[in-house]
Structures are given as structure tokens and as C-alpha cells.
>>> print(open('input_21.cif').read())   # mmCIF, C-alpha atoms
data_final
#
loop_
_atom_site.label_atom_id
_atom_site.label_comp_id
_atom_site.auth_asym_id
_atom_site.auth_seq_id
_atom_site.Cartn_x
_atom_site.Cartn_y
_atom_site.Cartn_z
CA MET A 851 -15.24 -13.17 -14.22
CA LEU A 852 -13.28 -16.31 -15.02
CA SER A 853 -12.32 -16.78 -11.37
CA GLU A 854 -14.79 -18.55 -9.14
CA PRO A 855 -16.74 -16.12 -6.93
CA ARG A 856 -16.48 -16.78 -3.21
CA SER A 857 -20.27 -16.84 -3.04
CA GLY A 858 -20.20 -19.68 -5.56
CA ARG A 859 -17.86 -21.77 -3.42
CA LEU A 860 -19.91 -21.07 -0.29
CA ALA A 861 -23.20 -21.97 -1.95
CA ALA A 862 -21.92 -25.06 -3.78
CA TRP A 863 -20.13 -26.66 -0.84
CA GLY A 864 -22.73 -25.42 1.63
CA ASN A 865 -25.40 -27.18 -0.43
CA ALA A 866 -23.32 -30.37 -0.46
CA LEU A 867 -23.03 -30.15 3.32
CA LEU A 868 -26.72 -29.44 3.85
CA THR A 869 -27.63 -32.54 1.83
CA GLY A 870 -25.16 -34.73 3.69
CA LEU A 871 -22.76 -35.32 0.78
CA VAL A 872 -19.63 -33.88 2.42
CA ALA A 873 -18.33 -33.54 5.97
CA PRO A 874 -18.44 -30.10 7.65
CA ASP A 875 -14.65 -29.68 7.81
CA ASP A 876 -14.24 -30.70 4.16
CA ALA A 877 -16.88 -28.17 3.10
CA ALA A 878 -15.20 -25.42 5.11
CA LEU A 879 -11.78 -26.17 3.59
CA ALA A 880 -13.21 -26.07 0.06
CA ILE A 881 -14.99 -22.77 0.70
CA VAL A 882 -11.88 -21.09 2.13
CA GLY A 883 -9.77 -22.24 -0.82
CA GLU A 884 -6.58 -20.19 -1.04
CA ASP A 885 -7.78 -17.57 1.46
CA ALA A 886 -6.36 -17.55 4.97
CA VAL A 887 -9.61 -17.70 6.89
CA HIS A 888 -13.35 -17.08 6.59
CA ARG A 889 -15.60 -15.99 9.43
CA VAL A 890 -19.31 -15.23 9.68
CA GLU A 891 -20.61 -12.36 11.79
CA GLY A 892 -24.15 -11.33 12.66
CA LEU A 893 -25.54 -14.87 12.95
CA PRO A 894 -28.63 -14.98 15.17
CA GLY A 895 -27.60 -16.19 18.60
CA GLU A 896 -23.92 -15.37 18.13
CA SER A 897 -22.41 -12.22 19.66
CA ALA A 898 -19.08 -12.54 17.82
CA PRO A 899 -17.83 -13.81 14.47
CA VAL A 900 -17.68 -17.61 14.16
CA GLY A 901 -15.96 -20.06 11.83
CA LEU A 902 -17.55 -21.57 8.75
CA THR A 903 -18.18 -25.00 10.26
CA LEU A 904 -20.15 -23.57 13.16
CA ALA A 905 -21.89 -21.03 10.91
CA LEU A 906 -23.13 -23.60 8.42
CA GLY A 907 -24.38 -25.80 11.24
CA ARG A 908 -26.18 -22.85 12.82
CA LEU A 909 -27.81 -21.91 9.51
CA ARG A 910 -29.11 -25.47 9.17
CA THR A 911 -30.50 -25.27 12.73
CA LEU A 912 -32.20 -22.00 11.80
CA GLY A 913 -33.98 -23.74 8.91
CA ALA A 914 -31.69 -23.29 5.91
CA THR A 915 -32.19 -26.13 3.42
CA GLY A 916 -30.19 -24.65 0.55
CA LEU A 917 -28.00 -21.73 -0.52
CA ARG A 918 -28.41 -19.58 -3.63
CA VAL A 919 -25.93 -17.24 -5.29
CA ALA A 920 -26.54 -13.63 -6.29
CA LEU A 921 -24.15 -11.79 -8.67
CA PRO A 922 -25.67 -8.32 -8.99
CA ALA A 923 -24.34 -5.43 -11.07
CA PRO A 924 -25.58 -1.82 -11.40
CA GLY A 925 -29.05 -1.94 -12.93
CA HIS A 926 -29.18 -5.73 -12.71
CA PRO A 927 -30.09 -7.14 -9.24
CA LEU A 928 -29.37 -10.70 -10.37
CA GLY A 929 -30.38 -13.25 -7.73
CA LEU A 930 -31.55 -10.71 -5.16
CA SER A 931 -34.98 -10.37 -3.57
CA GLY A 932 -34.48 -7.51 -1.09
CA PRO A 933 -34.73 -5.71 1.21
CA PRO A 934 -32.90 -2.62 -0.12
CA GLU A 935 -30.31 -2.70 2.67
CA PHE A 936 -29.20 -6.22 1.77
CA ASN A 937 -29.31 -5.48 -1.95
CA ALA A 938 -27.07 -2.44 -1.48
CA ARG A 939 -24.46 -4.44 0.44
CA ALA A 940 -24.58 -7.23 -2.15
CA LEU A 941 -24.24 -4.76 -5.02
CA GLU A 942 -21.20 -3.18 -3.39
CA ALA A 943 -19.58 -6.62 -3.00
CA GLU A 944 -20.87 -7.74 -6.44
CA GLU A 945 -21.96 -11.04 -4.89
CA ALA A 946 -23.94 -12.61 -2.06
CA VAL A 947 -25.44 -15.86 -0.82
CA VAL A 948 -29.15 -16.11 0.01
CA CYS A 949 -30.44 -18.89 2.25
CA HIS A 950 -33.42 -20.98 1.21
CA GLY A 951 -35.64 -21.93 4.13
CA THR A 952 -34.69 -19.06 6.42
CA ALA A 953 -34.75 -15.31 5.73
CA LEU A 954 -31.02 -14.71 5.95
CA GLY A 955 -28.30 -13.79 3.50
CA LEU A 956 -24.51 -13.52 3.55
CA VAL A 957 -22.36 -10.81 1.96
CA PRO A 958 -18.56 -11.11 1.88
CA GLU A 959 -16.12 -8.42 2.91
CA VAL A 960 -12.53 -9.13 1.87
CA TYR A 961 -9.45 -7.95 3.75
CA GLU A 962 -5.83 -8.21 2.58
CA ALA A 963 -2.89 -8.07 4.98
CA GLY A 964 0.84 -8.68 4.90
CA PRO A 965 3.82 -7.39 2.91
CA GLU A 966 4.02 -7.45 -0.87
CA GLY A 967 4.64 -10.98 -2.05
CA ASP A 968 3.23 -12.47 1.13
CA VAL A 969 -0.30 -11.09 1.22
CA HIS A 970 -2.96 -13.21 2.88
CA VAL A 971 -6.70 -12.78 2.47
CA GLU A 972 -9.31 -12.90 5.19
CA VAL A 973 -13.05 -12.88 4.49
CA VAL A 974 -15.87 -11.84 6.81
CA TRP A 975 -19.36 -12.89 5.74
CA HIS A 976 -21.96 -10.48 7.08
CA CYS A 977 -25.22 -12.26 7.92
CA LEU A 978 -28.23 -10.03 7.25
CA PRO A 979 -32.01 -10.39 6.95
CA VAL A 980 -33.42 -10.96 3.45
CA ARG A 981 -36.88 -10.93 1.95
CA GLU A 982 -38.34 -14.37 1.24
CA ALA A 983 -39.27 -13.99 -2.42
CA PRO A 984 -38.21 -15.46 -5.77
CA PRO A 985 -34.72 -14.26 -6.79
CA ALA A 986 -34.52 -11.73 -9.61
CA ASP A 987 -33.79 -12.74 -13.21
CA VAL A 988 -32.38 -16.26 -12.65
CA PRO A 989 -32.87 -18.56 -15.68
CA SER A 990 -33.16 -22.33 -15.70
CA LEU A 991 -30.07 -24.34 -16.66
CA GLY A 992 -31.53 -25.06 -20.10
CA GLU A 993 -32.30 -21.40 -20.72
CA ALA A 994 -28.84 -20.37 -19.52
CA GLU A 995 -27.10 -22.83 -21.81
CA ARG A 996 -29.02 -21.67 -24.88
CA GLU A 997 -28.53 -17.99 -24.04
CA LEU A 998 -24.79 -18.47 -23.54
CA ALA A 999 -24.26 -20.24 -26.84
CA GLU A 1000 -26.16 -17.54 -28.73
CA ALA A 1001 -24.51 -14.63 -26.92
CA LEU A 1002 -21.03 -16.06 -27.43
CA ARG A 1003 -21.66 -16.56 -31.15
CA GLU A 1004 -23.00 -13.04 -31.64
CA ALA A 1005 -20.26 -11.39 -29.60
CA THR A 1006 -17.49 -13.29 -31.39
CA GLU A 1007 -18.87 -12.19 -34.76
CA VAL A 1008 -18.92 -8.54 -33.71
CA LEU A 1009 -15.47 -8.63 -32.11
CA THR A 1010 -13.96 -10.37 -35.12
CA ARG A 1011 -15.51 -7.80 -37.47
CA LEU A 1012 -13.99 -5.02 -35.35
CA ASP A 1013 -10.60 -6.80 -35.35
CA VAL A 1014 -10.45 -7.08 -31.56
CA ALA A 1015 -7.52 -9.31 -30.61
CA ALA A 1016 -9.45 -11.17 -27.92
CA SER A 1017 -11.74 -12.83 -30.44
CA GLY A 1018 -9.14 -14.89 -32.31
CA PRO A 1019 -7.18 -18.12 -31.87
CA VAL A 1020 -4.51 -16.47 -29.69
CA ALA A 1021 -7.21 -15.52 -27.20
CA GLN A 1022 -8.61 -19.04 -27.33
CA ALA A 1023 -5.20 -20.43 -26.41
CA ALA A 1024 -4.90 -17.89 -23.60
CA ILE A 1025 -8.31 -18.88 -22.27
CA GLU A 1026 -7.38 -22.57 -22.26
CA ALA A 1027 -4.05 -21.92 -20.55
CA TYR A 1028 -5.66 -19.69 -17.93
CA ARG A 1029 -8.39 -22.22 -17.24
CA ALA A 1030 -5.86 -25.04 -16.95
CA ARG A 1031 -3.91 -23.08 -14.34
CA ALA A 1032 -7.00 -21.91 -12.47
CA GLU A 1033 -8.70 -25.29 -12.37
CA ALA A 1034 -5.72 -27.59 -11.76
CA GLY A 1035 -6.81 -29.94 -9.00
CA ARG A 1036 -10.08 -28.04 -8.47
CA GLN A 1037 -13.52 -29.56 -8.63
CA VAL A 1038 -15.73 -27.31 -10.77
CA LEU A 1039 -18.76 -27.82 -8.52
CA ALA A 1040 -19.34 -29.65 -5.27
CA PRO A 1041 -20.83 -33.17 -5.06
CA GLY A 1042 -24.54 -33.35 -5.81
CA TYR A 1043 -24.61 -31.03 -8.81
CA PRO A 1044 -25.90 -32.37 -12.14
CA PRO A 1045 -23.48 -32.65 -15.09
CA ARG A 1046 -25.41 -29.98 -16.96
CA ALA A 1047 -24.68 -27.47 -14.19
CA VAL A 1048 -20.96 -28.21 -14.51
CA ARG A 1049 -21.17 -27.74 -18.28
CA VAL A 1050 -23.04 -24.43 -17.97
CA LEU A 1051 -20.64 -23.09 -15.36
CA GLU A 1052 -17.59 -24.02 -17.44
CA LEU A 1053 -19.07 -22.30 -20.51
CA ALA A 1054 -19.90 -19.21 -18.45
CA GLN A 1055 -16.30 -19.08 -17.22
CA ARG A 1056 -15.03 -19.41 -20.79
CA VAL A 1057 -17.27 -16.51 -21.83
CA GLY A 1058 -16.03 -14.51 -18.85
CA ALA A 1059 -12.45 -15.06 -20.00
CA LEU A 1060 -13.30 -13.80 -23.49
CA ILE A 1061 -14.84 -10.66 -22.00
CA SER A 1062 -11.83 -10.03 -19.74
CA LEU A 1063 -9.42 -10.45 -22.65
CA ALA A 1064 -11.48 -8.18 -24.89
CA TYR A 1065 -11.57 -5.41 -22.31
CA GLY A 1066 -7.90 -5.90 -21.44
CA SER A 1067 -6.68 -5.68 -25.03
CA GLY A 1068 -7.05 -1.92 -25.27
CA HIS A 1069 -8.99 -0.75 -28.29
CA GLY A 1070 -7.64 -3.46 -30.63
CA GLY A 1071 -8.54 -2.52 -34.17
CA ALA A 1072 -11.63 -0.59 -33.06
CA VAL A 1073 -10.10 2.83 -33.57
CA SER A 1074 -13.17 4.97 -34.10
CA ALA A 1075 -15.56 6.05 -31.38
CA SER A 1076 -18.43 4.29 -33.12
CA GLU A 1077 -16.46 1.03 -33.36
CA MET A 1078 -15.46 1.20 -29.71
CA ALA A 1079 -19.09 1.80 -28.79
CA ALA A 1080 -20.11 -1.18 -30.91
CA ARG A 1081 -17.60 -3.40 -29.12
CA SER A 1082 -18.87 -2.31 -25.70
CA ALA A 1083 -22.43 -2.85 -26.85
CA ALA A 1084 -21.49 -6.39 -27.91
CA LEU A 1085 -19.78 -7.19 -24.61
CA ARG A 1086 -22.41 -5.86 -22.20
CA PRO A 1087 -25.18 -8.34 -23.00
CA VAL A 1088 -22.82 -11.32 -23.16
CA GLU A 1089 -21.34 -10.39 -19.77
CA ARG A 1090 -24.85 -10.18 -18.34
CA THR A 1091 -25.74 -13.54 -19.89
CA ALA A 1092 -22.60 -15.16 -18.44
CA ARG A 1093 -23.43 -13.90 -14.95
CA ARG A 1094 -26.99 -15.23 -15.28
CA ALA A 1095 -25.60 -18.60 -16.33
CA GLN A 1096 -23.21 -18.74 -13.37
CA VAL A 1097 -26.08 -18.08 -10.97
CA ALA A 1098 -28.25 -20.69 -12.69
CA ALA A 1099 -25.48 -23.30 -12.32
CA TYR A 1100 -24.79 -22.61 -8.64
CA ASN A 1101 -28.50 -22.46 -7.79
CA SER A 1102 -29.52 -25.53 -9.79
CA VAL A 1103 -29.64 -28.02 -6.92
CA VAL A 1104 -31.94 -25.75 -4.90
CA GLU A 1105 -34.16 -25.06 -7.90
CA GLU A 1106 -34.45 -28.78 -8.73
CA ARG A 1107 -35.32 -29.59 -5.13
CA GLU A 1108 -38.02 -26.90 -5.15
CA ARG A 1109 -39.55 -28.23 -8.37
CA GLY A 1110 -39.58 -31.76 -6.97
CA ALA A 1111 -41.39 -30.61 -3.85
CA ARG A 1112 -44.25 -29.02 -5.80
#
>>> encode(input="input_21.cif", output="C-alpha cells")
Amino acid sequence: MLSEPRSGRLAAWGNALLTGLVAPDDAALAIVGEDAVHRVEGLPGESAPVGLTLALGRLRTLGATGLRVALPAPGHPLGLSGPPEFNARALEAEEAVVCHGTALGLVPEVYEAGPEGDVHVEVVWHCLPVREAPPADVPSLGEAERELAEALREATEVLTRLDVAASGPVAQAAIEAYRARAEAGRQVLAPGYPPRAVRVLELAQRVGALISLAYGSGHGGAVSASEMAARSAALRPVERTARRAQVAAYNSVVEERERGAR
């Protein structure tokens, strides 16, 4: 969860492009990141997959004024509004982008090719119809920030009590080192996002790192079945809260624009 979802990059830089803050080629380069290439298939009016620059321009022509992120998990359709076919594809991918202003959504499919040590990644975004309705369970930035702080505090207390290695200072150092490597030279969000969105996203990524370390540390000191169950119970709500916060951060520019238009 620490790593930036591809849907987040697409929404953030797509929003910057749609508001005229970055050039089309710059947005496409930022979205692709370390992948080899991204294409979009299923766009209305296009019979074959097209590149990101053309796809984003076509979405704007079709009426898209903003892009939202969805990060669903089983039992939690976070950011989705239907129909069931789109929700199922998004749930399988664990992420999606939903257009604001036109009833279309994008779900990534990731392909890896090449020999070990020289693998390159290609992404195909499938463009599908969506239902124009409010996205499910997305908090405001203020709500997300408060929820994250509380969830992190509660989870840390439980993990420390259970002597889970990922709750101590060693884990904190690992989180900082991982974040420094992952974010070297990377802008956290695209131009146009408010500072609070950057702060919320960074905190959500920090929480995601704690969760990954806790799950990856084996059973730690939680040797009994009841203690292991308590640890899982502590991690589930904080993971859900961190995903909600990520979505709130990525979607903040669209939400603010909507509130200003009312």
C-alpha cells in the first residue's frame, strides 16, 4: 500500500492536465512512471488502443472535467458507483479511475514481459461505462486526516501490546528509508493539489507501510491464536482508513471544484 497506485498517478496528472496546469506529454510521462508504456482501449470512437496523450484529450472532448480514484477491496466498494460489471473489474484490479462529467471509467490491466532482471511492464486501461452517482464511502480531506491519526494511534497501541516488531522504532526507520527510496525525485501529487491533500496522502502511505511491515513480520510476539486474531482485527480497520484517505487525497481537487460550483 505504500507504493503509489497507478490509478492515483492517472487521476492526479490527468486532473492537472484537464485544468491546464501541465502539458499533455508531461502528464503522460508522469503517469507512465517506470512502466514501459500505457495504452487505453475501449474509448468511444476508437477501434484500437491509443496512447495516453490521445486518450486524455479524447476524454476531455467527451466531457470529462475531472478524474476520481477508486480503491475497492472485498466488501468495501470504495470510490465506486456501479454498474456491477465495472465494479467487478475494478475489484479484481483493486483500483480504477472514474471520470467526472462523462459516464466512463478506466480499469488497469498490467502485463509483465522480458527475462528475469530485465522485466518491463505494460499497462492497458480498459474504458468502460459507469453509473453517474456519488462515489461510495469517500471522506473529506479533514475527515480522512482525523480518521488516520486516530486509527494509527489505536493500531500502534495494540501492536505494541502484542509485541509485533513492526510497531517499534526499527519499523519507523524502515518506513523512512523505504519512503526516501520510493519518493526520491518524485512529486507526491501533481500541480493543483492543496497542501492538505499532500499531507493526507503522505500519512496514508506511512500507515500503509506500517501495515505491510506488520503483516510481513510473521507472527511477531503474538503467539496465541487469540493474539494473532487481535492483531488482524487491529490492522483491518486501519488499512481501510488508509485506503479511504488515499482516495480522499487524490479526489480532493474534483470534490473542491464540485463544492465551489454549488
>>> closest_residue(input="input_21.cif", among="A:Val973, A:Asn937, A:Glu959, A:Val1103", to="Ala1040 of chain A", atoms="all atoms listed in the file")
A:Val1103
>>> resolve_selection(input="input_21.cif", expression="the PyMOL selection byres ((chain A and resi 954) around 12)", output="count of residues only")
38
>>> atom_distance(input="input_21.cif", atom1="atom CA of Leu1002 of chain A", atom2="atom CA of Val1048 of chain A")
17.7 Å
>>> closest_residue(input="input_21.cif", among="A:Glu945, A:Glu896, A:Glu972, A:Asp875", to="Arg856 of chain A", atoms="all atoms listed in the file")
A:Glu945
>>> closest_residue(input="input_21.cif", among="A:Gly870, A:Pro924, A:Gly858, A:Pro1087", to="Gly1058 of chain A", atoms="all atoms listed in the file")
A:Pro1087
>>> atom_distance(input="input_21.cif", atom1="atom CA of Thr903 of chain A", atom2="atom CA of Pro874 of chain A")
5.7 Å
>>> atom_distance(input="input_21.cif", atom1="atom CA of Gly929 of chain A", atom2="atom CA of Glu1007 of chain A")
29.4 Å
>>> residues_around(input="input_21.cif", residues="Asp987 of chain A", least_positions_apart="6", cutoff="8 Å", atoms="only C-alpha atoms", output="compact mmCIF listing (two decimals) with C-alpha atoms, in the frame of the given file")
# COMPACT_ATOMS: atom_id res chain seq x y z
CA PRO A 927 -30.09 -7.14 -9.24
CA LEU A 928 -29.37 -10.70 -10.37
CA GLY A 929 -30.38 -13.25 -7.73
CA ARG A 1094 -26.99 -15.23 -15.28
>>> closest_residue(input="input_21.cif", among="A:Gly967, A:Val900, A:Ala878, A:Ala886", to="Ala862 of chain A", atoms="all atoms listed in the file")
A:Ala878
>>> closest_residue(input="input_21.cif", among="A:Val969, A:Leu902, A:Ala861, A:Ala994", to="Asp876 of chain A", atoms="all atoms listed in the file")
A:Leu902
>>> resolve_selection(input="input_21.cif", expression="the PyMOL selection byres ((chain A and resi 887) around 9)", output="PyMOL selection string")
chain A and resi 882-886+888-889+901+970-974
>>> residues_around(input="input_21.cif", residues="Glu997 of chain A", least_positions_apart="3", cutoff="9 Å", atoms="all atoms listed in the file", output="number ranges by chain")
A: 992-994, 1000-1002, 1088, 1091-1092, 1095
>>> write_last_selection(input="input_21.cif", atoms="C-alpha atoms", output="PDB file, in the coordinates of the input")
ATOM      1  CA  GLY A 992     -31.530 -25.060 -20.100  1.00  0.00           C
ATOM      2  CA  GLU A 993     -32.300 -21.400 -20.720  1.00  0.00           C
ATOM      3  CA  ALA A 994     -28.840 -20.370 -19.520  1.00  0.00           C
ATOM      4  CA  GLU A1000     -26.160 -17.540 -28.730  1.00  0.00           C
ATOM      5  CA  ALA A1001     -24.510 -14.630 -26.920  1.00  0.00           C
ATOM      6  CA  LEU A1002     -21.030 -16.060 -27.430  1.00  0.00           C
ATOM      7  CA  VAL A1088     -22.820 -11.320 -23.160  1.00  0.00           C
ATOM      8  CA  THR A1091     -25.740 -13.540 -19.890  1.00  0.00           C
ATOM      9  CA  ALA A1092     -22.600 -15.160 -18.440  1.00  0.00           C
ATOM     10  CA  ALA A1095     -25.600 -18.600 -16.330  1.00  0.00           C
TER      11      ALA A1095
END
